[in-house]
Each structure stands twice: as structure tokens, then as C-alpha cells.
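Peer 1: First the structure, then my questions, so here it is.
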Amino acid sequence: MRAVVFAYSNVGDRCLRVLQAGGVDVALVVTHRDHPGEKLWFARVADTADELGIPRLYGDDPQDPALAEAVAAAKPDVIFSFYFRSMLPASLLSLAPGGAYNMHGSLLPKFRGRAPTNWAVLHGATETGATLHLMVDKPDAGDIVDQQAVPILPRDDARQVFDKVCVAAEITLWRVLPALIAGRPPRRANPLADGSYYGGRKPEDGRIHWDRPAVEIDRLVRAVAPPYPGAFVEIDGRRLIVARARPWVDAPLPHDTTPGLRLIDGEPAAICGDGQALRVLEVIELGEPLDAEALRALCAGAAR
């Protein structure tokens, strides 16, 4: 089987390695250029392709005719997309007579769309996973080939869940690869009406509103915790990322339960809109964690 692979990030890295280990002839890898303002905490698929000796190119515009020419020249039997950030147009998908397959980071049909791991944590899901599915003209809507579930534990943050999803993607692809190579991949319906769809998240979506319930704020902190952009507050013109927090059951609340940062029994904390408290364990400013003294001073000053 000859393949063209569109890939990015850790899932792209691991799935590309699975294809090579499984004997797939990867003729071309298409990946993204690194965004100048983005902190690189994930594997670079460009480096993986170079290591494995696979030709690669950057394809930031899937509609570029030159990209279609390069894919056509590679003569793929199949096309794979592993966490490639752009949806591939039908004109590209049609270049693979054996079909085009995408690895999505959720248990489809749940959490279709962008940032599935972050949305799963934000919504309090207890499991997620990876799904290999056929690509069609709607995002994450094609028939399911195979999928693997992983648990989301109560205190997991999005990076911890993402790392599990990477392993789930590797397992899924490895398990179904013999059937793909034989041209007999399993297929079952992807019942979209039973699932959910979410769009991409922007840094502003991480703004903390202390008048919300504690469980909701806790999920937000974990859903966008670094290396993601982080849940944040702004105090006196300072943007502060609440990187780690946890529920404080039976906290000795003060008489004034106005929502916001404060000290409770001398400890950095926050009171939320439902009167419940969170322990504030780490706050980051300008890329650096505040030390213990500065964190207590911040919380004490915010309550004034």
C-alpha cells in the first residue's frame, strides 16, 4: 500500500511511525510550518519525516494547486490525515482510489470538530479516545473504521488526556493496519445525531469568570492548562494564568464570599459563584510561576 500522509503534532508523529513499522510505503508527508508565536511542546512531523527518510513538503493551503499536483505525482493508494490542522478538500481526497482516512482525537460521534481533548475535559467527560474514520465533505462525519477509548480521570488536565489519546491513536492504527493494507477495512456508521460538534477555542475563551460554579472553573483550568494557553484573570492590567487549582472541600470560608481570588486561612484560594472554594496552586505571569510569597500577596491584594 502506497500512502500520502498529512500530519502534525504528536499524533502525526506516532501514526507516521506506525505506518512505517507496518510496511506502508509512505511516498510523501505534508505538514504545517510552525507558527512563529506558538510554543512548541509537541513533536515536529517535519523532523519525523526527515528521520525516516520520507519526502516532505509544507501544505498550509490545502487548496493550492501545487499541493494537489504533488499528491497526484506521489500516486497514493490511500491518504491519511493525522491531526493535520486543515480540512482536506474533495479534490485532494479523490486522488486516493483506496480512500482517505482521518485520525480524530475523540470517540466519534462525540466531540467532533476542533480541540476535542480540551472540550472533553471542559465538559466533564469521563472518557475519550481516538477514532480512525473515512474522510468525507463534512468534518469528522465519515464511517468509523476503528476506535480506542481512554479514561479521563477526575484530576486529569488536557495535556495528560492528550498523551493518552496519542497512545490510543497508535493502538487504533496498528490494530486496523493489516485490514487497510489488504483493502478490507472495517466500516460502521458514524451516527452524528448521537454526538456533538465543537469549534476551535481561542485564548480569550480561557478567561475565568469567578461568578461561575467551582466545578466549572476547575474544569476550565484543567482543560486549557499549560502547555495550552491557560485559564486567566486580569488584575490591575496584569494577565495572570491560573495554571493549577483544585476544589477545596469544607474550606473555612470568610464572612465575605464575594467571588474572586483571596487568602483563606493564609492559603491562596478563590471563592466561586456557588460559594465553593478552590485552592490556587500555581499562577503564571509572563511565562514564569509566581513564588509562594508573590502568590499569597496576589490573592490578598485581589480581595481588597
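Within each chain, counting starts at residue 1; across the C-alpha cells, chains are named A, B, ... in the order shown, with ligands numbered 1 upward in that order.
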Would you list the contacts of Ala96 in chain A as number ranges by chain, taking every protein, DNA or RNA residue within 8 Å and counting only C-alpha atoms, but skipping same-chain residues closer than 6 positions in sequence?

Peer 2: A: 75-79

Peer 1: If you count only C-alpha atoms, which residues fall within 6 Å of Ser81 in chain A, apart from same-chain ones fewer than 3 positions away, as a list in words?

Peer 2: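 The contact residues come out as Val5, Phe6, Ala7, Phe84 and Asn102 of chain A.
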
Peer 1: Print the selection's residues with C-alpha atoms to a file, as a compact mmCIF listing (two decimals), in the first residue's frame.

Peer 2:
# COMPACT_ATOMS: atom_id res chain seq x y z
CA VAL A 5 0.23 11.40 4.84
CA PHE A 6 -0.96 14.80 6.06
CA ALA A 7 0.23 15.08 9.66
CA PHE A 84 -3.45 17.93 10.23
CA ASN A 102 -8.51 10.72 9.34

Peer 1: Mind checking which residues fall within 12 Å of range 35-40 of chain A, counting only C-alpha atoms, ignoring those fewer than 6 positions away in the same chain, and posting them as a list in words?

Peer 2: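 Once the adjacent positions are removed, what remains is Tyr8, Ser9, Asn10, Asp60, Arg85, Pro226, Pro227, Tyr228, Pro229 and Gly287 of chain A.
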
Peer 1: Residues of the last selection are to be written out with all heavy atoms, as an mmCIF file, in the first residue's frame.

Peer 2:
data_model
loop_
_atom_site.group_PDB
_atom_site.id
_atom_site.type_symbol
_atom_site.label_atom_id
_atom_site.label_comp_id
_atom_site.auth_asym_id
_atom_site.auth_seq_id
_atom_site.Cartn_x
_atom_site.Cartn_y
_atom_site.Cartn_z
ATOM 1 N N TYR A 8 0.548 16.324 11.681
ATOM 2 C CA TYR A 8 1.112 17.348 12.548
ATOM 3 C C TYR A 8 1.036 16.843 13.978
ATOM 4 O O TYR A 8 0.264 15.930 14.304
ATOM 5 C CB TYR A 8 0.324 18.659 12.408
ATOM 6 C CG TYR A 8 1.033 19.893 12.939
ATOM 7 C CD1 TYR A 8 2.229 20.318 12.371
ATOM 8 C CD2 TYR A 8 0.513 20.622 13.993
ATOM 9 C CE1 TYR A 8 2.881 21.455 12.845
ATOM 10 C CE2 TYR A 8 1.155 21.758 14.471
ATOM 11 C CZ TYR A 8 2.337 22.164 13.896
ATOM 12 O OH TYR A 8 2.985 23.288 14.373
ATOM 13 N N SER A 9 1.856 17.395 14.845
ATOM 14 C CA SER A 9 1.818 17.169 16.287
ATOM 15 C C SER A 9 2.175 15.724 16.650
ATOM 16 O O SER A 9 2.645 14.945 15.827
ATOM 17 C CB SER A 9 0.450 17.571 16.837
ATOM 18 O OG SER A 9 0.435 17.594 18.242
ATOM 19 N N ASN A 10 1.949 15.378 17.918
ATOM 20 C CA ASN A 10 2.359 14.072 18.432
ATOM 21 C C ASN A 10 1.607 12.918 17.785
ATOM 22 O O ASN A 10 2.184 11.856 17.538
ATOM 23 C CB ASN A 10 2.143 14.016 19.947
ATOM 24 C CG ASN A 10 3.035 14.974 20.700
ATOM 25 O OD1 ASN A 10 3.702 15.813 20.107
ATOM 26 N ND2 ASN A 10 3.048 14.862 22.015
ATOM 27 N N ASP A 60 0.330 24.431 3.918
ATOM 28 C CA ASP A 60 -0.548 25.246 4.759
ATOM 29 C C ASP A 60 -1.840 25.642 4.055
ATOM 30 O O ASP A 60 -2.814 25.992 4.717
ATOM 31 C CB ASP A 60 0.207 26.489 5.236
ATOM 32 C CG ASP A 60 1.380 26.123 6.145
ATOM 33 O OD1 ASP A 60 1.150 25.376 7.117
ATOM 34 O OD2 ASP A 60 2.505 26.553 5.880
ATOM 35 N N ARG A 85 -4.093 20.255 10.565
ATOM 36 C CA ARG A 85 -4.951 21.297 11.101
ATOM 37 C C ARG A 85 -6.006 21.801 10.131
ATOM 38 O O ARG A 85 -6.918 22.524 10.532
ATOM 39 C CB ARG A 85 -4.092 22.477 11.575
ATOM 40 C CG ARG A 85 -3.334 22.175 12.865
ATOM 41 C CD ARG A 85 -2.470 23.330 13.292
ATOM 42 N NE ARG A 85 -2.038 23.187 14.682
ATOM 43 C CZ ARG A 85 -1.214 24.023 15.300
ATOM 44 N NH1 ARG A 85 -0.727 25.069 14.659
ATOM 45 N NH2 ARG A 85 -0.875 23.817 16.562
ATOM 46 N N PRO A 226 -1.395 24.926 30.869
ATOM 47 C CA PRO A 226 -0.182 24.842 30.051
ATOM 48 C C PRO A 226 0.199 23.373 29.809
ATOM 49 O O PRO A 226 0.021 22.540 30.693
ATOM 50 C CB PRO A 226 0.859 25.569 30.908
ATOM 51 C CG PRO A 226 0.058 26.547 31.718
ATOM 52 C CD PRO A 226 -1.233 25.818 32.016
ATOM 53 N N PRO A 227 0.648 23.071 28.585
ATOM 54 C CA PRO A 227 1.158 23.981 27.548
ATOM 55 C C PRO A 227 0.102 24.658 26.686
ATOM 56 O O PRO A 227 0.456 25.378 25.745
ATOM 57 C CB PRO A 227 2.011 23.046 26.694
ATOM 58 C CG PRO A 227 1.312 21.733 26.799
ATOM 59 C CD PRO A 227 0.828 21.649 28.213
ATOM 60 N N TYR A 228 -1.184 24.407 26.937
ATOM 61 C CA TYR A 228 -2.226 25.166 26.251
ATOM 62 C C TYR A 228 -2.230 26.599 26.800
ATOM 63 O O TYR A 228 -1.529 26.902 27.774
ATOM 64 C CB TYR A 228 -3.566 24.467 26.437
ATOM 65 C CG TYR A 228 -3.592 23.092 25.803
ATOM 66 C CD1 TYR A 228 -3.395 21.942 26.565
ATOM 67 C CD2 TYR A 228 -3.757 22.942 24.424
ATOM 68 C CE1 TYR A 228 -3.395 20.674 25.970
ATOM 69 C CE2 TYR A 228 -3.752 21.693 23.832
ATOM 70 C CZ TYR A 228 -3.570 20.564 24.610
ATOM 71 O OH TYR A 228 -3.552 19.323 24.026
ATOM 72 N N PRO A 229 -2.989 27.505 26.188
ATOM 73 C CA PRO A 229 -2.862 28.933 26.568
ATOM 74 C C PRO A 229 -3.145 29.264 28.018
ATOM 75 O O PRO A 229 -2.635 30.255 28.548
ATOM 76 C CB PRO A 229 -3.862 29.623 25.631
ATOM 77 C CG PRO A 229 -3.934 28.732 24.433
ATOM 78 C CD PRO A 229 -3.828 27.341 24.981
ATOM 79 N N GLY A 287 5.101 34.016 31.655
ATOM 80 C CA GLY A 287 5.796 32.760 31.430
ATOM 81 C C GLY A 287 6.469 32.149 32.639
ATOM 82 O O GLY A 287 7.032 31.047 32.545
#

Peer 1: Skip Val24 in chain A itself and residues of its chain fewer than 4 positions away, then list as a ChimeraX atom specification all residues within 6 Å of it, counting only C-alpha atoms.

Peer 2: /A:1,19-20

Peer 1: Just list as number ranges by chain whatever in range 126-162 of chain A DSSP marks as strand (DSSP E or B).

Peer 2: A: 127-134, 144-151

Peer 1: Need to verify the contact set: Leu92 in chain A, 12 Å, only C-alpha atoms, exclusion of same-chain residues closer than 5 positions in sequence. Can you return it as a PyMOL selection string?

Peer 2: chain A and resi 4-6+59+61-73+75-76+78-81+87+97+99-100+135-137

Peer 1: Quick one: everything within 10 Å of range 291-293 of chain A, counting only C-alpha atoms, minus sequence neighbours fewer than 2 positions away in the same chain. Send it as JSON, numbers by chain.

Peer 2: {"A": [267, 268, 281, 282, 283, 284, 288, 289, 295, 296, 297, 298]}

Peer 1: Have a look at A:Lys202, A:Arg212, A:Arg222, A:Lys164 and name the one nearest to Val150 in chain A; count only C-alpha atoms.

Peer 2: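 Counting only C-alpha atoms, the residue closest to Val150 in chain A is A:Lys164.
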
Peer 1: Residues of range 167-257 of chain A that approach range 123-131 of chain A to 10 Å or less, counting only C-alpha atoms: could you list each one with the shortest pair of atoms and its distance in Å to one decimal, rows by chain and increasing residue number, as a Markdown table?

Peer 2:
| residue | atom | partner | partner_atom | distance |
| --- | --- | --- | --- | --- |
| A:Val167 | CA | A:Ala130 | CA | 8.7 |
| A:Ala168 | CA | A:Ala130 | CA | 5.6 |
| A:Ala169 | CA | A:Ala130 | CA | 5.1 |
| A:Glu170 | CA | A:Ala130 | CA | 8.8 |
| A:Ile171 | CA | A:Ala130 | CA | 9.0 |
| A:Thr172 | CA | A:Ala130 | CA | 7.2 |
| A:Leu173 | CA | A:Thr131 | CA | 9.0 |
| A:Val215 | CA | A:Gly124 | CA | 9.1 |
| A:Glu216 | CA | A:His123 | CA | 8.4 |
| A:Arg219 | CA | A:Gly124 | CA | 6.9 |
| A:Leu220 | CA | A:His123 | CA | 8.8 |
| A:Ala223 | CA | A:His123 | CA | 8.9 |

Peer 1: Next, the residues of the selection above should be written as a short mmCIF file (atom, residue, chain, number, x, y, z; two decimals), in the first residue's frame with all heavy atoms.

Peer 2:
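Writing done, so here's out00.cif:
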data_model
loop_
_atom_site.label_atom_id
_atom_site.label_comp_id
_atom_site.auth_asym_id
_atom_site.auth_seq_id
_atom_site.Cartn_x
_atom_site.Cartn_y
_atom_site.Cartn_z
N VAL A 167 -1.55 7.63 22.47
CA VAL A 167 -1.38 6.19 22.56
C VAL A 167 -2.59 5.48 21.95
O VAL A 167 -2.44 4.48 21.24
CB VAL A 167 -1.16 5.76 24.02
CG1 VAL A 167 -1.08 4.24 24.14
CG2 VAL A 167 0.10 6.39 24.58
N ALA A 168 -3.78 6.00 22.21
CA ALA A 168 -4.99 5.40 21.64
C ALA A 168 -4.95 5.44 20.11
O ALA A 168 -5.36 4.47 19.44
CB ALA A 168 -6.22 6.13 22.16
N ALA A 169 -4.45 6.53 19.54
CA ALA A 169 -4.34 6.64 18.09
C ALA A 169 -3.36 5.61 17.54
O ALA A 169 -3.62 4.95 16.52
CB ALA A 169 -3.90 8.05 17.72
N GLU A 170 -2.25 5.45 18.22
CA GLU A 170 -1.25 4.46 17.80
C GLU A 170 -1.83 3.05 17.84
O GLU A 170 -1.65 2.26 16.90
CB GLU A 170 -0.03 4.58 18.71
CG GLU A 170 1.14 3.71 18.31
CD GLU A 170 2.37 3.99 19.17
OE1 GLU A 170 2.48 5.10 19.75
OE2 GLU A 170 3.22 3.09 19.25
N ILE A 171 -2.52 2.72 18.92
CA ILE A 171 -3.12 1.39 19.05
C ILE A 171 -4.16 1.16 17.96
O ILE A 171 -4.20 0.10 17.32
CB ILE A 171 -3.77 1.24 20.45
CG1 ILE A 171 -2.69 1.18 21.53
CG2 ILE A 171 -4.66 0.00 20.51
CD1 ILE A 171 -3.23 1.27 22.94
N THR A 172 -5.01 2.15 17.74
CA THR A 172 -6.07 2.04 16.74
C THR A 172 -5.51 1.76 15.36
O THR A 172 -5.94 0.84 14.65
CB THR A 172 -6.93 3.32 16.72
OG1 THR A 172 -7.53 3.51 18.00
CG2 THR A 172 -8.02 3.24 15.67
N LEU A 173 -4.53 2.57 14.97
CA LEU A 173 -3.96 2.41 13.63
C LEU A 173 -3.23 1.07 13.49
O LEU A 173 -3.37 0.39 12.47
CB LEU A 173 -3.02 3.57 13.33
CG LEU A 173 -2.41 3.60 11.92
CD1 LEU A 173 -3.51 3.66 10.86
CD2 LEU A 173 -1.46 4.78 11.78
N VAL A 215 -17.00 23.88 40.11
CA VAL A 215 -16.71 22.72 39.26
C VAL A 215 -16.44 23.16 37.82
O VAL A 215 -15.58 22.60 37.13
CB VAL A 215 -17.86 21.69 39.32
CG1 VAL A 215 -19.16 22.26 38.76
CG2 VAL A 215 -17.48 20.41 38.60
N GLU A 216 -17.14 24.19 37.37
CA GLU A 216 -16.95 24.70 36.01
C GLU A 216 -15.60 25.38 35.87
O GLU A 216 -14.89 25.18 34.87
CB GLU A 216 -18.09 25.67 35.68
CG GLU A 216 -18.08 26.19 34.28
CD GLU A 216 -19.28 27.09 34.01
OE1 GLU A 216 -20.42 26.67 34.33
OE2 GLU A 216 -19.08 28.20 33.50
N ARG A 219 -12.80 22.76 35.86
CA ARG A 219 -12.68 22.11 34.55
C ARG A 219 -12.00 23.02 33.54
O ARG A 219 -11.18 22.56 32.72
CB ARG A 219 -14.06 21.70 34.05
CG ARG A 219 -14.68 20.54 34.78
CD ARG A 219 -16.10 20.31 34.28
NE ARG A 219 -16.78 19.24 35.01
CZ ARG A 219 -18.07 18.99 34.90
NH1 ARG A 219 -18.85 19.73 34.11
NH2 ARG A 219 -18.62 17.99 35.57
N LEU A 220 -12.32 24.30 33.56
CA LEU A 220 -11.70 25.24 32.64
C LEU A 220 -10.19 25.29 32.87
O LEU A 220 -9.40 25.24 31.91
CB LEU A 220 -12.30 26.63 32.81
CG LEU A 220 -11.63 27.75 32.01
CD1 LEU A 220 -11.75 27.50 30.50
CD2 LEU A 220 -12.23 29.11 32.36
N ALA A 223 -8.76 22.17 31.51
CA ALA A 223 -8.97 22.00 30.07
C ALA A 223 -7.98 22.80 29.23
O ALA A 223 -7.70 22.42 28.09
CB ALA A 223 -10.40 22.39 29.70
#

Peer 1: Choose the residue, out of A:Phe232, A:Leu192, A:Ala225, A:Asp140, that has the smallest atom-to-atom separation from Ala158 in chain A; count only C-alpha atoms.

Peer 2: A:Ala225

Peer 1: How many Å separate CA of Pro178 in chain A from CA of Val145 in chain A?

Peer 2: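 CA of Pro178 in chain A sits 12.4 Å away from CA of Val145 in chain A.
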
Peer 1: According to DSSP computed on the backbone, where in range 124-240 of chain A is there helix (DSSP H, G or I)? Give the residues as a PyMOL selection string.

Peer 2: chain A and resi 158-181+192-194+203-206+214-223

Peer 1: Would you please work out which residue, of A:Val224, A:Ala277, A:Ala231, A:Ala269, is nearest to Ala300 in chain A when using only C-alpha atoms?

Peer 2: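 Closest to Ala300 in chain A of all the choices is A:Ala269.
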
Peer 1: How many Å lie between CA of Asp256 in chain A and CA of Gly206 in chain A, rounded to one decimal?

Peer 2: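 So the two atoms, CA of Asp256 in chain A and CA of Gly206 in chain A, lie 26.1 Å apart.
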
Peer 1: Of the candidates A:Glu51, A:Asp143, A:Asp194, A:Asp205, which one gets nearest to Asn118 in chain A if we count only C-alpha atoms?

Peer 2: A:Asp205

Peer 1: What separation in Å, quoted to one decimal, exists between CA of Leu107 in chain A and CA of Asn190 in chain A?

Peer 2: 10.2 Å

Peer 1: Give me, as a PyMOL selection string, all polymer residues having an atom no more than 12 Å from Arg187 in chain A, counting only C-alpha atoms and skipping those fewer than 5 positions away in the same chain.

Peer 2: chain A and resi 101+131-134+142-147+176+179-180
